[in-house]
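**Q** Have a look at this one.
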Amino acid sequence: MIEYKFIIKRNSNKRFGKPCARDTRITVFDVLGWLAPGMTYEALIYDFPKLIIDDIKACLANAADREHKLQLG
């Protein structure tokens, strides 16, 4: 799994502290919401050029890790 902790960051001054990809205002939730109906990595990067493939993978890894922790919780 990709080491997302260096890519996904929280900043209380951006998007109410929600986890975002690097220093963008694009949240993990945003990325998941766009991927869920079938948007491709390439389309995401085209629409949001600040994103790179590792950002998208980090969002997925973050969500998977969070889900895993909820299952254990």
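Chains: A, B, ... in order of the structure tokens. Residues: from 1 per chain. Ligands: from 1, in order shown.
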Determine, counting only C-alpha atoms, which protein, DNA and RNA residues have an atom within 10 Å of an atom of A:Ile7; residues of the same chain fewer than 4 positions away are not included. Present the result as a PDB file with C-alpha atoms, in the first residue's frame.

**A**
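Output file part.pdb follows:
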```pdb
ATOM      1  CA  ILE A   2       1.229   3.501  -0.806  1.00  0.00           C
ATOM      2  CA  GLU A   3       2.535   5.526   2.142  1.00  0.00           C
ATOM      3  CA  PRO A  19      -7.855  15.437   4.785  1.00  0.00           C
ATOM      4  CA  CYS A  20      -6.625  16.853   1.465  1.00  0.00           C
ATOM      5  CA  ALA A  21      -4.152  15.768  -1.177  1.00  0.00           C
ATOM      6  CA  ARG A  22      -0.854  17.566  -0.468  1.00  0.00           C
ATOM      7  CA  ASP A  23      -1.342  21.331  -0.320  1.00  0.00           C
ATOM      8  CA  ASP A  54       0.149   9.272  -6.417  1.00  0.00           C
ATOM      9  CA  ASP A  55      -2.324  11.741  -4.874  1.00  0.00           C
ATOM     10  CA  ILE A  56      -5.243   9.664  -6.102  1.00  0.00           C
ATOM     11  CA  LYS A  57      -3.669   6.430  -4.885  1.00  0.00           C
ATOM     12  CA  ALA A  58      -2.946   8.078  -1.529  1.00  0.00           C
ATOM     13  CA  CYS A  59      -6.621   9.053  -1.216  1.00  0.00           C
ATOM     14  CA  ASN A  62      -6.193   6.647   3.248  1.00  0.00           C
TER      15      ASN A  62
END
```

**Q** Give me, as a PyMOL selection string, all polymer residues having an atom no more than 12 Å from A:Phe48, counting only C-alpha atoms and skipping those fewer than 4 positions away in the same chain.

**A** chain A and resi 21+24-26+30-31+34+41-44+52-53+55-56

**Q** Generate a file of the selected residues that holds C-alpha atoms, formatted as an mmCIF file, in the first residue's frame.

**A**
```cif
data_model
loop_
_atom_site.group_PDB
_atom_site.id
_atom_site.type_symbol
_atom_site.label_atom_id
_atom_site.label_comp_id
_atom_site.auth_asym_id
_atom_site.auth_seq_id
_atom_site.Cartn_x
_atom_site.Cartn_y
_atom_site.Cartn_z
ATOM 1 C CA ALA A 21 -4.152 15.768 -1.177
ATOM 2 C CA THR A 24 -4.454 21.401 -2.502
ATOM 3 C CA ARG A 25 -8.014 21.984 -1.362
ATOM 4 C CA ILE A 26 -9.052 18.653 -2.914
ATOM 5 C CA ASP A 30 -13.887 14.614 -3.253
ATOM 6 C CA VAL A 31 -11.571 12.143 -4.970
ATOM 7 C CA TRP A 34 -15.398 11.343 -8.407
ATOM 8 C CA TYR A 41 -7.437 8.802 -13.014
ATOM 9 C CA GLU A 42 -6.646 10.516 -16.296
ATOM 10 C CA ALA A 43 -9.932 12.457 -16.296
ATOM 11 C CA LEU A 44 -9.364 13.533 -12.702
ATOM 12 C CA ILE A 52 -0.970 13.506 -9.692
ATOM 13 C CA ILE A 53 -1.580 9.766 -9.780
ATOM 14 C CA ASP A 55 -2.324 11.741 -4.874
ATOM 15 C CA ILE A 56 -5.243 9.664 -6.102
#
```

**Q** Using the chain letters and numbers from this document, which residues of chain A does DSSP assign to helix (DSSP H, G or I), as a ChimeraX atom specification?

**A** /A:4-6,15-17,28-35,41-47,53-72

**Q** For C-alpha atoms, I'd like the residues from the last selection saved as a CSV table (one decimal), in the first residue's frame.

**A**
```csv
chain,number,residue,atom,x,y,z
A,4,TYR,CA,-0.2,8.1,2.1
A,5,LYS,CA,0.7,9.9,5.3
A,6,PHE,CA,3.2,12.1,3.4
A,15,ARG,CA,-11.8,22.7,4.0
A,16,PHE,CA,-12.5,22.7,7.7
A,17,GLY,CA,-9.6,20.4,8.5
A,28,VAL,CA,-10.1,12.6,0.0
A,29,PHE,CA,-13.9,12.6,0.0
A,30,ASP,CA,-13.9,14.6,-3.3
A,31,VAL,CA,-11.6,12.1,-5.0
A,32,LEU,CA,-13.6,9.1,-3.8
A,33,GLY,CA,-16.8,10.8,-4.9
A,34,TRP,CA,-15.4,11.3,-8.4
A,35,LEU,CA,-13.9,7.8,-8.7
A,41,TYR,CA,-7.4,8.8,-13.0
A,42,GLU,CA,-6.6,10.5,-16.3
A,43,ALA,CA,-9.9,12.5,-16.3
A,44,LEU,CA,-9.4,13.5,-12.7
A,45,ILE,CA,-5.9,14.8,-13.5
A,46,TYR,CA,-7.2,16.6,-16.6
A,47,ASP,CA,-9.9,18.3,-14.6
A,53,ILE,CA,-1.6,9.8,-9.8
A,54,ASP,CA,0.1,9.3,-6.4
A,55,ASP,CA,-2.3,11.7,-4.9
A,56,ILE,CA,-5.2,9.7,-6.1
A,57,LYS,CA,-3.7,6.4,-4.9
A,58,ALA,CA,-2.9,8.1,-1.5
A,59,CYS,CA,-6.6,9.1,-1.2
A,60,LEU,CA,-7.6,5.4,-1.8
A,61,ALA,CA,-5.0,4.1,0.6
A,62,ASN,CA,-6.2,6.6,3.2
A,63,ALA,CA,-9.8,5.6,2.8
A,64,ALA,CA,-8.9,1.9,3.0
A,65,ASP,CA,-6.8,2.4,6.1
A,66,ARG,CA,-9.6,4.4,7.8
A,67,GLU,CA,-12.1,1.7,6.9
A,68,HIS,CA,-9.8,-1.0,8.3
A,69,LYS,CA,-9.4,1.0,11.6
A,70,LEU,CA,-13.2,1.4,11.8
A,71,GLN,CA,-13.6,-2.4,11.4
A,72,LEU,CA,-11.2,-3.0,14.3
```

**Q** For the strand (DSSP E) assignment from backbone DSSP, which residues of chain A qualify? Please present them as a list of chain:residue names.

**A** A:Ile8, A:Lys9, A:Cys20, A:Ala21
